[in-house]
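Text of structure_0.csv (CSV, C-alpha atoms) as supplied:
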```csv
chain,number,residue,atom,x,y,z
A,472,MET,CA,28.7,51.0,34.0
A,473,ALA,CA,25.1,50.0,33.5
A,474,ARG,CA,24.4,46.4,32.8
A,475,THR,CA,22.8,45.6,29.5
A,476,ARG,CA,20.2,43.0,29.4
A,477,PRO,CA,20.9,40.1,27.1
A,478,PRO,CA,18.6,40.1,24.0
A,479,ILE,CA,15.6,37.8,24.2
A,480,LEU,CA,16.5,34.6,22.5
A,481,ARG,CA,13.9,33.7,20.0
A,482,ARG,CA,13.9,30.2,18.5
A,483,GLN,CA,13.7,30.6,14.8
A,484,VAL,CA,11.8,27.9,13.0
A,485,LYS,CA,13.2,27.2,9.5
A,486,LEU,CA,10.6,26.1,7.1
A,487,SER,CA,12.5,24.1,4.5
A,488,PRO,CA,10.9,23.3,1.2
A,489,TYR,CA,10.5,19.7,2.4
A,490,LYS,CA,8.6,20.7,5.5
A,491,LEU,CA,6.4,23.0,3.4
A,492,LEU,CA,5.7,20.0,1.0
A,493,LEU,CA,4.6,17.8,3.9
A,494,ALA,CA,2.4,20.6,5.3
A,495,GLY,CA,0.9,21.1,1.8
A,496,LEU,CA,0.2,17.4,1.5
A,497,PHE,CA,-1.6,17.3,4.9
A,498,VAL,CA,-3.8,20.3,4.0
A,499,TYR,CA,-4.6,18.9,0.6
A,500,ALA,CA,-5.5,15.4,2.0
A,501,THR,CA,-7.5,16.9,4.8
A,502,LEU,CA,-9.5,19.3,2.7
A,503,PHE,CA,-9.9,16.9,-0.3
A,504,VAL,CA,-11.3,14.1,1.9
A,505,GLY,CA,-13.1,16.3,4.4
A,506,LEU,CA,-15.1,18.2,1.8
A,507,ARG,CA,-16.4,15.2,0.0
A,508,SER,CA,-20.1,14.9,0.0
A,509,ARG,CA,-20.0,11.1,0.3
A,510,PRO,CA,-17.6,9.2,2.6
A,511,MET,CA,-17.5,6.2,0.2
A,512,ASP,CA,-15.5,3.4,1.8
A,513,PHE,CA,-15.2,5.1,5.1
A,514,ALA,CA,-18.9,4.5,5.7
A,515,THR,CA,-18.1,0.8,5.7
A,516,TYR,CA,-15.3,1.3,8.4
A,517,TYR,CA,-17.6,3.5,10.4
A,518,HIS,CA,-20.5,1.0,10.6
A,519,ALA,CA,-18.1,-1.9,11.2
A,520,GLY,CA,-16.6,0.0,14.2
A,521,ARG,CA,-20.2,0.6,15.5
A,522,TRP,CA,-21.2,-3.0,15.0
A,523,LEU,CA,-18.1,-4.2,16.9
A,524,ARG,CA,-18.8,-1.9,19.8
A,525,THR,CA,-22.5,-2.8,20.1
A,526,GLY,CA,-21.9,-6.6,19.8
A,527,GLU,CA,-23.5,-7.0,16.4
A,528,ASP,CA,-22.3,-9.3,13.5
A,529,LEU,CA,-19.2,-7.6,12.2
A,530,TYR,CA,-19.6,-9.2,8.7
A,531,GLN,CA,-23.2,-8.7,8.2
A,532,PHE,CA,-24.7,-7.3,5.0
A,533,SER,CA,-26.4,-3.9,5.4
A,534,PRO,CA,-28.0,-1.5,3.0
A,535,LEU,CA,-26.1,1.3,4.7
A,536,CYS,CA,-22.7,0.5,3.3
A,537,LEU,CA,-20.6,-2.0,1.5
A,538,PRO,CA,-19.8,-5.3,3.4
A,539,PHE,CA,-16.9,-5.1,5.7
A,540,SER,CA,-14.3,-7.6,4.5
A,541,TYR,CA,-11.1,-6.8,6.5
A,542,PRO,CA,-9.6,-8.5,9.6
A,543,PRO,CA,-11.3,-7.6,12.9
A,544,PHE,CA,-8.4,-5.4,14.1
A,545,ALA,CA,-9.3,-2.9,11.3
A,546,ALA,CA,-12.8,-2.6,12.8
A,547,TRP,CA,-11.3,-2.2,16.3
A,548,LEU,CA,-9.2,0.8,15.0
A,549,CYS,CA,-12.3,2.3,13.5
A,550,ALA,CA,-14.5,1.9,16.6
A,551,PRO,CA,-13.5,5.3,18.1
A,552,PHE,CA,-14.8,7.0,15.0
A,553,SER,CA,-18.2,5.5,15.5
A,554,LEU,CA,-18.5,7.4,18.9
A,555,VAL,CA,-19.5,10.5,17.0
A,556,SER,CA,-21.8,11.2,14.1
A,557,LEU,CA,-20.9,10.1,10.6
A,558,PRO,CA,-20.2,13.7,9.3
A,559,ALA,CA,-18.0,14.5,12.3
A,560,ALA,CA,-16.2,11.1,11.9
A,561,LYS,CA,-15.6,11.9,8.2
A,562,TRP,CA,-13.6,15.0,9.2
A,563,LEU,CA,-11.6,13.0,11.8
A,564,TRP,CA,-10.9,10.4,9.1
A,565,ALA,CA,-9.8,13.2,6.8
A,566,VAL,CA,-7.2,14.3,9.4
A,567,THR,CA,-6.1,10.7,9.8
A,568,GLN,CA,-5.7,10.4,6.0
A,569,GLY,CA,-3.6,13.6,6.0
A,570,VAL,CA,-1.3,12.3,8.7
A,571,ALA,CA,-0.9,9.0,7.0
A,572,LEU,CA,-0.1,10.7,3.7
A,573,VAL,CA,2.6,12.8,5.3
A,574,LEU,CA,4.1,9.7,7.0
A,575,VAL,CA,4.1,7.7,3.8
A,576,VAL,CA,6.0,10.4,2.0
A,577,HIS,CA,8.4,11.0,4.9
A,578,PHE,CA,9.2,7.3,5.5
A,579,ALA,CA,9.6,6.6,1.8
A,580,ALA,CA,12.0,9.6,1.6
A,581,CYS,CA,14.0,8.3,4.6
A,582,LEU,CA,14.3,4.7,3.1
A,583,SER,CA,15.3,6.0,-0.3
A,584,ARG,CA,17.6,8.8,0.8
A,585,PRO,CA,20.9,7.0,0.1
A,586,ALA,CA,19.8,6.6,-3.5
A,587,TRP,CA,18.8,10.3,-4.3
A,588,GLU,CA,21.0,12.4,-2.0
A,589,PRO,CA,24.1,12.1,-4.2
A,590,LEU,CA,22.2,13.7,-7.1
A,591,ALA,CA,23.5,17.0,-8.4
A,592,PRO,CA,21.2,20.1,-8.1
A,593,ALA,CA,20.2,19.9,-11.8
A,594,GLN,CA,19.5,16.2,-11.5
A,595,ARG,CA,17.4,16.7,-8.4
A,596,ARG,CA,15.1,19.0,-10.3
A,597,TRP,CA,14.4,16.3,-12.9
A,598,PHE,CA,14.1,13.8,-10.0
A,599,LEU,CA,11.4,15.8,-8.2
A,600,VAL,CA,9.4,16.5,-11.4
A,601,ALA,CA,9.6,12.8,-12.4
A,602,VAL,CA,8.6,11.5,-9.0
A,603,THR,CA,5.6,13.9,-8.9
A,604,LEU,CA,4.4,12.8,-12.3
A,605,MET,CA,4.8,9.1,-11.4
A,606,SER,CA,3.4,9.0,-7.9
A,607,VAL,CA,0.6,11.6,-7.8
A,608,ARG,CA,-2.0,9.2,-9.2
A,609,HIS,CA,-1.1,6.4,-6.7
A,610,LEU,CA,-1.1,8.7,-3.7
A,611,ASN,CA,-4.4,10.3,-4.7
A,612,ALA,CA,-6.3,7.0,-5.3
A,613,PRO,CA,-6.8,6.1,-1.6
A,614,LEU,CA,-7.9,9.7,-0.9
A,615,GLU,CA,-10.5,9.5,-3.6
A,616,SER,CA,-12.1,6.3,-2.1
A,617,SER,CA,-11.4,7.1,1.6
A,618,GLN,CA,-9.6,3.7,2.0
A,619,THR,CA,-7.1,2.6,4.6
A,620,ASP,CA,-4.2,1.9,2.2
A,621,LEU,CA,-2.2,5.0,3.2
A,622,MET,CA,-2.4,3.9,6.8
A,623,ILE,CA,-1.3,0.4,6.0
A,624,THR,CA,1.6,1.7,3.8
A,625,ALA,CA,2.7,4.0,6.5
A,626,MET,CA,2.8,1.1,9.0
A,627,CYS,CA,4.8,-1.0,6.6
A,628,PHE,CA,7.4,1.7,5.7
A,629,GLY,CA,7.6,2.7,9.4
A,630,GLY,CA,8.1,-0.9,10.5
A,631,VAL,CA,11.0,-1.3,8.0
A,632,LEU,CA,12.5,2.0,9.0
A,633,TRP,CA,12.4,1.1,12.7
A,634,LEU,CA,13.8,-2.4,12.4
A,635,GLN,CA,17.2,-1.2,13.6
A,636,ARG,CA,15.5,0.1,16.8
A,637,GLY,CA,14.3,-3.4,17.6
A,638,TRP,CA,10.5,-2.8,17.6
A,639,GLY,CA,9.7,-2.6,13.9
A,640,GLY,CA,7.7,-5.8,14.0
A,641,ILE,CA,4.8,-4.0,15.8
A,642,PRO,CA,3.9,-1.6,13.0
A,643,LEU,CA,4.2,-4.4,10.5
A,644,ALA,CA,1.9,-6.5,12.7
A,645,ALA,CA,-0.6,-3.6,12.8
A,646,ALA,CA,-0.5,-3.5,9.0
A,647,VAL,CA,-1.3,-7.2,8.9
A,648,GLY,CA,-4.2,-6.6,11.4
A,649,MET,CA,-5.7,-4.2,8.9
A,650,LYS,CA,-5.2,-6.2,5.7
A,651,ALA,CA,-3.6,-9.6,5.7
A,652,ALA,CA,-1.3,-9.2,2.7
A,653,PRO,CA,1.6,-7.5,4.6
A,654,LEU,CA,2.1,-10.9,6.3
A,655,LEU,CA,4.5,-11.4,3.4
A,656,PHE,CA,7.1,-9.4,5.4
A,657,LEU,CA,7.5,-12.3,7.8
A,658,PRO,CA,9.7,-14.5,5.6
A,659,PHE,CA,11.8,-11.5,4.5
A,660,LEU,CA,12.4,-10.6,8.2
A,661,ALA,CA,14.0,-14.0,8.5
A,662,ARG,CA,16.0,-13.4,5.3
A,663,TRP,CA,17.2,-10.1,6.7
A,664,ARG,CA,18.1,-11.9,10.0
A,665,GLN,CA,15.8,-9.7,11.9
A,666,TRP,CA,14.8,-12.5,14.3
A,667,ARG,CA,13.6,-10.2,17.1
A,668,ALA,CA,11.3,-8.3,14.8
A,669,ALA,CA,10.0,-11.6,13.2
A,670,VAL,CA,9.1,-13.0,16.6
A,671,MET,CA,7.6,-9.7,17.7
A,672,MET,CA,5.6,-9.5,14.5
A,673,GLY,CA,4.2,-13.0,14.9
A,674,VAL,CA,3.2,-12.5,18.5
A,675,ALA,CA,1.7,-9.1,17.8
A,676,VAL,CA,-0.4,-10.4,14.8
A,677,ILE,CA,-2.0,-13.0,17.1
A,678,ALA,CA,-2.6,-10.5,19.9
A,679,LEU,CA,-4.1,-7.9,17.6
A,680,ASN,CA,-6.5,-10.4,16.1
A,681,ILE,CA,-7.6,-11.6,19.6
A,682,LEU,CA,-8.0,-8.1,21.0
A,683,PRO,CA,-11.3,-7.2,19.3
A,684,SER,CA,-12.9,-10.5,20.5
A,685,VAL,CA,-11.7,-10.0,24.1
A,686,GLN,CA,-13.0,-6.4,24.3
A,687,PHE,CA,-16.1,-6.8,22.1
A,688,PRO,CA,-17.2,-10.5,22.0
A,689,SER,CA,-19.2,-11.5,18.9
A,690,PRO,CA,-22.9,-12.3,19.3
A,691,THR,CA,-22.3,-16.0,18.6
A,692,GLY,CA,-19.4,-16.2,21.0
A,693,ARG,CA,-16.9,-17.1,18.3
A,694,TRP,CA,-13.7,-15.3,17.5
A,695,HIS,CA,-14.1,-12.4,15.1
A,696,ALA,CA,-10.9,-13.6,13.3
A,697,THR,CA,-12.5,-17.1,12.7
A,698,LEU,CA,-15.6,-15.4,11.3
A,699,TRP,CA,-13.5,-13.3,9.0
A,700,ILE,CA,-11.6,-16.4,7.6
A,701,GLU,CA,-14.8,-18.3,7.0
A,702,SER,CA,-17.0,-15.5,5.6
A,703,MET,CA,-14.5,-13.3,3.8
A,704,ALA,CA,-11.0,-14.5,3.4
A,705,ARG,CA,-11.7,-18.0,2.1
A,706,PRO,CA,-14.4,-17.0,-0.5
A,707,ALA,CA,-12.2,-14.2,-1.8
A,708,VAL,CA,-9.6,-16.6,-3.1
A,709,GLN,CA,-12.1,-19.2,-4.4
A,710,ALA,CA,-13.7,-19.3,-7.8
A,711,GLY,CA,-17.1,-20.3,-8.9
A,712,PRO,CA,-20.4,-20.3,-6.9
A,713,SER,CA,-18.7,-20.3,-3.5
A,714,ALA,CA,-17.2,-16.9,-4.3
A,715,ASN,CA,-20.4,-15.3,-5.6
A,716,ARG,CA,-21.1,-13.4,-2.4
A,717,THR,CA,-22.0,-9.7,-2.5
A,718,GLY,CA,-19.0,-7.6,-1.5
A,719,VAL,CA,-16.4,-10.3,-1.8
A,720,TRP,CA,-13.9,-9.7,-4.6
A,721,ARG,CA,-13.6,-12.6,-6.9
A,722,ALA,CA,-10.4,-13.3,-8.8
A,723,ASP,CA,-12.1,-12.4,-12.1
A,724,GLU,CA,-13.5,-9.1,-11.0
A,725,GLY,CA,-12.4,-6.1,-13.1
A,726,PHE,CA,-11.4,-4.1,-10.0
A,727,ASN,CA,-9.0,-6.8,-8.7
A,728,GLN,CA,-5.5,-5.5,-9.6
A,729,SER,CA,-3.6,-8.5,-8.2
A,730,LEU,CA,-1.6,-11.1,-10.2
A,731,GLY,CA,-4.3,-13.7,-9.6
A,732,GLY,CA,-7.1,-11.3,-10.8
A,733,THR,CA,-5.2,-10.5,-14.0
A,734,LEU,CA,-4.5,-14.1,-14.8
A,735,SER,CA,-8.2,-14.9,-14.3
A,736,ARG,CA,-9.2,-12.2,-16.7
A,737,TYR,CA,-6.7,-13.4,-19.3
A,738,PHE,CA,-7.6,-17.0,-19.0
A,739,ARG,CA,-11.2,-17.0,-17.7
A,740,LYS,CA,-14.3,-15.0,-18.3
A,741,GLY,CA,-13.3,-11.3,-18.1
A,742,CYS,CA,-14.9,-8.1,-17.2
A,743,TYR,CA,-15.1,-6.6,-20.8
A,744,SER,CA,-15.3,-9.8,-22.8
A,745,VAL,CA,-17.7,-12.7,-23.0
A,746,ASP,CA,-14.8,-15.1,-22.7
A,747,ALA,CA,-11.1,-15.1,-21.8
A,748,LEU,CA,-9.0,-12.4,-23.2
A,749,LEU,CA,-6.4,-15.0,-24.3
A,750,VAL,CA,-7.0,-18.7,-23.9
A,751,ARG,CA,-9.8,-20.3,-21.8
A,752,LEU,CA,-8.4,-22.4,-19.0
A,753,GLU,CA,-10.0,-24.4,-16.2
A,754,PRO,CA,-10.0,-22.7,-12.8
A,755,LYS,CA,-7.6,-25.3,-11.4
A,756,MET,CA,-5.1,-24.6,-14.2
A,757,VAL,CA,-5.3,-20.9,-13.6
A,758,THR,CA,-4.7,-21.5,-9.9
A,759,GLY,CA,-1.7,-23.7,-10.8
A,760,LEU,CA,-0.3,-21.0,-13.1
A,761,PHE,CA,-0.7,-18.4,-10.4
A,762,GLY,CA,1.1,-20.7,-7.9
A,763,ALA,CA,4.0,-21.3,-10.3
A,764,LEU,CA,4.4,-17.6,-11.1
A,765,GLY,CA,4.1,-16.7,-7.4
A,766,ALA,CA,6.7,-19.3,-6.4
A,767,GLY,CA,9.0,-18.1,-9.1
A,768,LEU,CA,8.8,-14.5,-8.0
A,769,MET,CA,9.3,-15.4,-4.4
A,770,ALA,CA,12.4,-17.5,-5.3
A,771,CYS,CA,13.8,-14.6,-7.3
A,772,ALA,CA,13.2,-12.2,-4.4
A,773,MET,CA,14.8,-14.6,-1.9
A,774,LEU,CA,17.9,-15.4,-4.0
A,775,ALA,CA,18.4,-11.9,-5.4
A,776,ARG,CA,21.5,-10.0,-4.2
A,777,ARG,CA,20.6,-8.1,-1.1
A,778,GLY,CA,20.8,-4.3,-1.4
A,779,SER,CA,19.8,-1.5,1.0
A,780,ILE,CA,16.9,-2.0,3.3
A,781,GLY,CA,14.9,0.4,1.2
A,782,HIS,CA,15.5,-1.6,-2.0
A,783,ASP,CA,14.5,-4.8,-0.2
A,784,ALA,CA,11.4,-3.2,1.3
A,785,ALA,CA,10.3,-2.0,-2.2
A,786,VAL,CA,10.6,-5.5,-3.5
A,787,VAL,CA,8.4,-6.8,-0.7
A,788,MET,CA,5.8,-4.1,-1.3
A,789,ALA,CA,5.6,-5.0,-5.0
A,790,LEU,CA,5.1,-8.6,-4.1
A,791,VAL,CA,2.4,-7.8,-1.6
A,792,LEU,CA,0.5,-6.0,-4.4
A,793,LEU,CA,0.9,-8.9,-6.8
A,794,PHE,CA,0.1,-11.7,-4.3
A,795,SER,CA,-2.9,-10.2,-2.5
A,796,PRO,CA,-6.2,-11.7,-3.6
A,797,LYS,CA,-7.9,-8.3,-3.3
A,798,THR,CA,-5.5,-5.7,-4.6
A,799,SER,CA,-7.2,-2.4,-5.6
A,800,LYS,CA,-5.8,0.6,-7.5
A,801,ALA,CA,-5.7,2.5,-4.2
A,802,GLN,CA,-3.2,0.0,-2.8
A,803,TYR,CA,-0.6,1.1,-5.3
A,804,CYS,CA,0.2,4.1,-3.1
A,805,SER,CA,2.9,1.8,-1.8
A,806,MET,CA,4.6,2.2,-5.1
A,807,LEU,CA,6.0,5.5,-4.0
A,808,LEU,CA,9.1,3.9,-2.5
A,809,PRO,CA,10.0,2.0,-5.7
A,810,ILE,CA,9.3,5.1,-7.7
A,811,LEU,CA,11.8,7.1,-5.6
A,812,LEU,CA,14.5,4.5,-5.8
A,813,LEU,CA,14.1,3.8,-9.5
A,814,THR,CA,13.8,7.5,-10.5
A,815,ALA,CA,17.1,8.2,-8.7
A,816,ALA,CA,18.7,5.4,-10.6
A,817,ALA,CA,17.2,6.6,-13.9
A,818,VAL,CA,18.4,10.2,-13.4
A,819,ARG,CA,21.9,9.0,-12.7
A,820,THR,CA,22.0,6.9,-15.9
A,821,PRO,CA,19.7,8.7,-18.4
A,822,LYS,CA,21.1,6.9,-21.4
A,823,HIS,CA,20.5,3.4,-20.1
A,824,TRP,CA,17.8,1.7,-22.1
A,825,ALA,CA,16.0,0.4,-19.0
A,826,SER,CA,15.9,3.9,-17.6
A,827,ILE,CA,14.3,5.2,-20.8
A,828,LEU,CA,11.8,2.4,-20.7
A,829,TRP,CA,11.1,3.1,-17.0
A,830,PHE,CA,10.3,6.8,-17.7
A,831,ILE,CA,7.9,5.8,-20.5
A,832,VAL,CA,6.0,3.3,-18.4
A,833,ALA,CA,6.0,5.3,-15.2
A,834,ILE,CA,4.9,8.6,-16.8
A,835,ALA,CA,2.2,6.7,-18.7
A,836,ILE,CA,0.7,5.5,-15.4
A,837,GLY,CA,0.0,9.1,-14.5
A,838,LEU,CA,-1.5,10.0,-17.9
A,839,LEU,CA,-3.8,7.0,-18.2
A,840,THR,CA,-6.6,8.5,-16.1
A,841,LYS,CA,-10.1,9.4,-17.0
A,842,ASP,CA,-10.8,12.8,-18.6
A,843,ILE,CA,-7.3,12.7,-20.2
A,844,VAL,CA,-7.3,9.9,-22.7
A,845,GLY,CA,-11.0,8.9,-22.2
A,846,SER,CA,-12.6,6.4,-19.9
A,847,LYS,CA,-12.8,3.4,-22.3
A,848,PRO,CA,-9.1,2.9,-23.2
A,849,CYS,CA,-8.2,3.7,-19.6
A,850,ASN,CA,-10.6,1.2,-18.1
A,851,ILE,CA,-9.6,-1.5,-20.6
A,852,LEU,CA,-5.9,-1.0,-19.8
A,853,LEU,CA,-6.4,-1.0,-16.0
A,854,ASP,CA,-9.0,-3.7,-15.9
A,855,TYR,CA,-6.9,-6.1,-17.9
A,856,GLY,CA,-3.9,-5.8,-15.7
A,857,TYR,CA,-2.0,-2.7,-16.7
A,858,LEU,CA,-1.1,-2.0,-13.1
A,859,VAL,CA,0.1,-5.6,-12.6
A,860,TRP,CA,2.5,-5.3,-15.6
A,861,PHE,CA,3.6,-2.0,-14.2
A,862,ALA,CA,4.4,-3.6,-10.8
A,863,LEU,CA,6.2,-6.5,-12.6
A,864,VAL,CA,8.4,-4.0,-14.6
A,865,VAL,CA,9.1,-2.2,-11.3
A,866,LEU,CA,10.0,-5.5,-9.7
A,867,ALA,CA,12.3,-6.5,-12.5
A,868,TYR,CA,14.0,-3.1,-12.5
A,869,LEU,CA,14.5,-3.2,-8.8
A,870,TRP,CA,16.4,-6.5,-9.1
A,871,LEU,CA,18.5,-5.1,-12.0
A,872,ARG,CA,19.3,-1.9,-10.2
A,873,THR,CA,19.8,-3.3,-6.7
A,874,GLU,CA,22.9,-1.7,-5.1
A,875,THR,CA,24.9,-3.1,-2.2
A,876,GLU,CA,25.5,-1.2,0.9
A,877,SER,CA,29.1,-0.5,-0.1
A,878,GLU,CA,28.0,0.9,-3.5
A,879,LEU,CA,25.5,3.2,-1.7
A,880,THR,CA,28.2,4.4,0.6
A,881,SER,CA,30.5,5.2,-2.3
A,882,HIS,CA,27.8,7.1,-4.0
A,883,ALA,CA,27.0,9.0,-0.9
A,884,GLY,CA,30.7,10.0,-0.5
A,885,LYS,CA,30.8,11.7,-4.0
A,886,PRO,CA,30.2,15.5,-4.2
```
Using C-alpha cells, write down the structure that the file contains.
Amino acid sequence: MARTRPPILRRQVKLSPYKLLLAGLFVYATLFVGLRSRPMDFATYYHAGRWLRTGEDLYQFSPLCLPFSYPPFAAWLCAPFSLVSLPAAKWLWAVTQGVALVLVVHFAACLSRPAWEPLAPAQRRWFLVAVTLMSVRHLNAPLESSQTDLMITAMCFGGVLWLQRGWGGIPLAAAVGMKAAPLLFLPFLARWRQWRAAVMMGVAVIALNILPSVQFPSPTGRWHATLWIESMARPAVQAGPSANRTGVWRADEGFNQSLGGTLSRYFRKGCYSVDALLVRLEPKMVTGLFGALGAGLMACAMLARRGSIGHDAAVVMALVLLFSPKTSKAQYCSMLLPILLLTAAAVRTPKHWASILWFIVAIAIGLLTKDIVGSKPCNILLDYGYLVWFALVVLAYLWLRTETESELTSHAGKP
C-alpha cells in the first residue's frame, strides 16, 4: 500500500474585525500625516534633535520652527529623526504616529475590556458607534498637529497595563521624560501599593533626564534638564511679564486647555474679551483658586473607592489633563480610555439620567468642530474651557460609576 504524504499544513491567519480596525488606523495615521505638506510641530522636534546632537542650545529661538519647550529626553528621542532630511523624517514620524495610535487604541481596549465585554451583541453595536463619535476628534487632533501626545498616551496606558509584570514604571517614566505632567502617576502608584513600579519610575525619570546631557553635553556645560526648568517650565506657570516669552504658553492663552488656563480666562484678561469673562481677580487669587480646586480634586481621587485598574488610570489621565500648565486639545487623545469605560456603563443603563447627560456632552464634543457649526461658536466654546468642563464631567462620572473588582467579575460572568 502506497504511503500518502500528509497534506501541507498551512497556518491560517484569521483577520478579526478588531485587527482590521487596528490596521486601518495605522494606514490612516500614516497616510494622513505622511502626505501633509507641512510637518507643523514635528519641525520643532526635528530641529531640537539636531541641536542636541550637534551641541547647540536646545532651547534657542529659531525662525525655522517653534521653540522647543519639552524636557530634554523628548529631544533625545527625536535625535535619530534628524539623521535624515526633513521630508524623509516626516515619513518616519508618520509611521511612528501610526504605531502610537494603534497602541493607544489597543491598550485602552485591554484596560476597559472588563467593562464592555459583558455587553450583548445589540448593545455592542451602539457601544461601537458611540465610542467612534466620541473619540474620533480626540484621536485625530494629535495627527493634525503632528504632536507627541499619542506616544505619551501609549506610554501611560502601557505602563498601567504592565504594572502586574513589575516593570510598568519604565514606560511611565518615559512619558514623564517627554512631558512632565504624567509625573502625577507617582502618588497613585503608592496608592495602588505598586511600590516597585513607583521606585522604578522615580529612578528612571532621573536617569532619562540625565541621559541627554551625558551623551550630548550642552554648550554651556550645564544639565539640559536645568536649562529646561529655568527657560521653559518655570515661565510657563508664571503670570505677567516673566511669562511673556515667545513660544511659552501662558496660563491665559486661548490654546491652553488646562484647568489653570480656563480659570485665568474666566477671572483675568481672556482671549476673546478685553477683560475677564466673569469677575476680574488678581493673579495671586487665581493661583490660590487653582490650588484649592486642584487639592480638592486630588483629595477626591485619593479617597474615592478604588475600582479596576482601568477606572483608576482613567481618573489619573483626566487629572493630568486638568493639572498640566500646558494642556492642548491634542492631549485629549488620552480621553479614549474614559470614553470606553463610560460608554459601556451608559449602554448598560440607558435610562439613567447621568448616562443621557453623558451622551449629550460626549457626542457634542465631536460635533463642535470647525466647518460643522462654524468657527466662531466653536472657538469660543473651546477657548473658554469647554474641554475642561468636559474632562470634569468625565471625572465626576468616573467616580460615580466606579465598580469594584468583585462587581466587574460578576458582570463578566453573566451571559
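If only C-alpha atoms are the atoms counted, then among A:Val865, A:Pro613, A:Leu858, A:Val818 the closest residue to Pro592 in chain A is A:Val818.
Closest approach to Ile831 in chain A from the set A:Ser616, A:Met605, A:Arg521, A:Met756 is made by A:Met605, with distances taken over only C-alpha atoms.
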Legend entry - Test item: which residues lie within 10 Å of (4.7, -12.5, 3.4) counting all atoms listed in the file, as a ChimeraX atom specification: /A:647,651-660,769,787-788,790-791,794-795
Legend entry - d(CA of Gly526 in chain A, CA of Val555 in chain A) in Å: 17.5 Å
Inset, instruction - Compile the contact shell of Leu590 in chain A as an MDAnalysis selection string: residues with an atom at most 9 Å away, counting only C-alpha atoms, same-chain residues fewer than 3 positions apart removed. - result: chainID A and resid 586:587 593:595 598 815 818:819 886
Inset, instruction - Rounded to one decimal place, report the CA of Ala645 in chain A-CA of Asn680 in chain A distance in Å. - result: 9.6 Å
Inset, instruction - Determine the nearest neighbour of Arg739 in chain A from the options A:Pro538, A:Gly495, A:Pro754, A:Gly629, counting all atoms listed in the file. - result: A:Pro754
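When CA of Ser689 in chain A is paired with CA of Glu527 in chain A, their separation reads 6.7 Å.
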Legend entry - Surrounding residues of Leu563 in chain A excluding itself and chain neighbours under 2 positions, 12 Å, all atoms listed in the file, as an MDAnalysis selection string: chainID A and resid 500:502 504:506 510 513 517 549 551:561 565:570 617
Inset, instruction - Select, from A:Thr798, A:Ser805, A:Gln728, A:Thr758, the residue with the minimum atom-to-atom distance to Val859 in chain A, counting all atoms listed in the file. - result: A:Gln728
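Closest to Phe628 in chain A among A:Ser487, A:Thr733, A:Ser684, A:Ser583 is A:Ser583, based on all atoms listed in the file.
Candidate residues A:Val832, A:Ala545, A:Ala867, A:Met626 were compared for distance to Ala579 in chain A, and the nearest is A:Met626, using all atoms listed in the file.
For range 868-872 of chain A, the list of residues within 8 Å, based on all atoms listed in the file and with local chain neighbours fewer than 4 positions off taken out, reads Ala775, Arg776, His782, Ala785, Val786, Pro809, Leu813, Ala816, Ala825 and Val864 of chain A.
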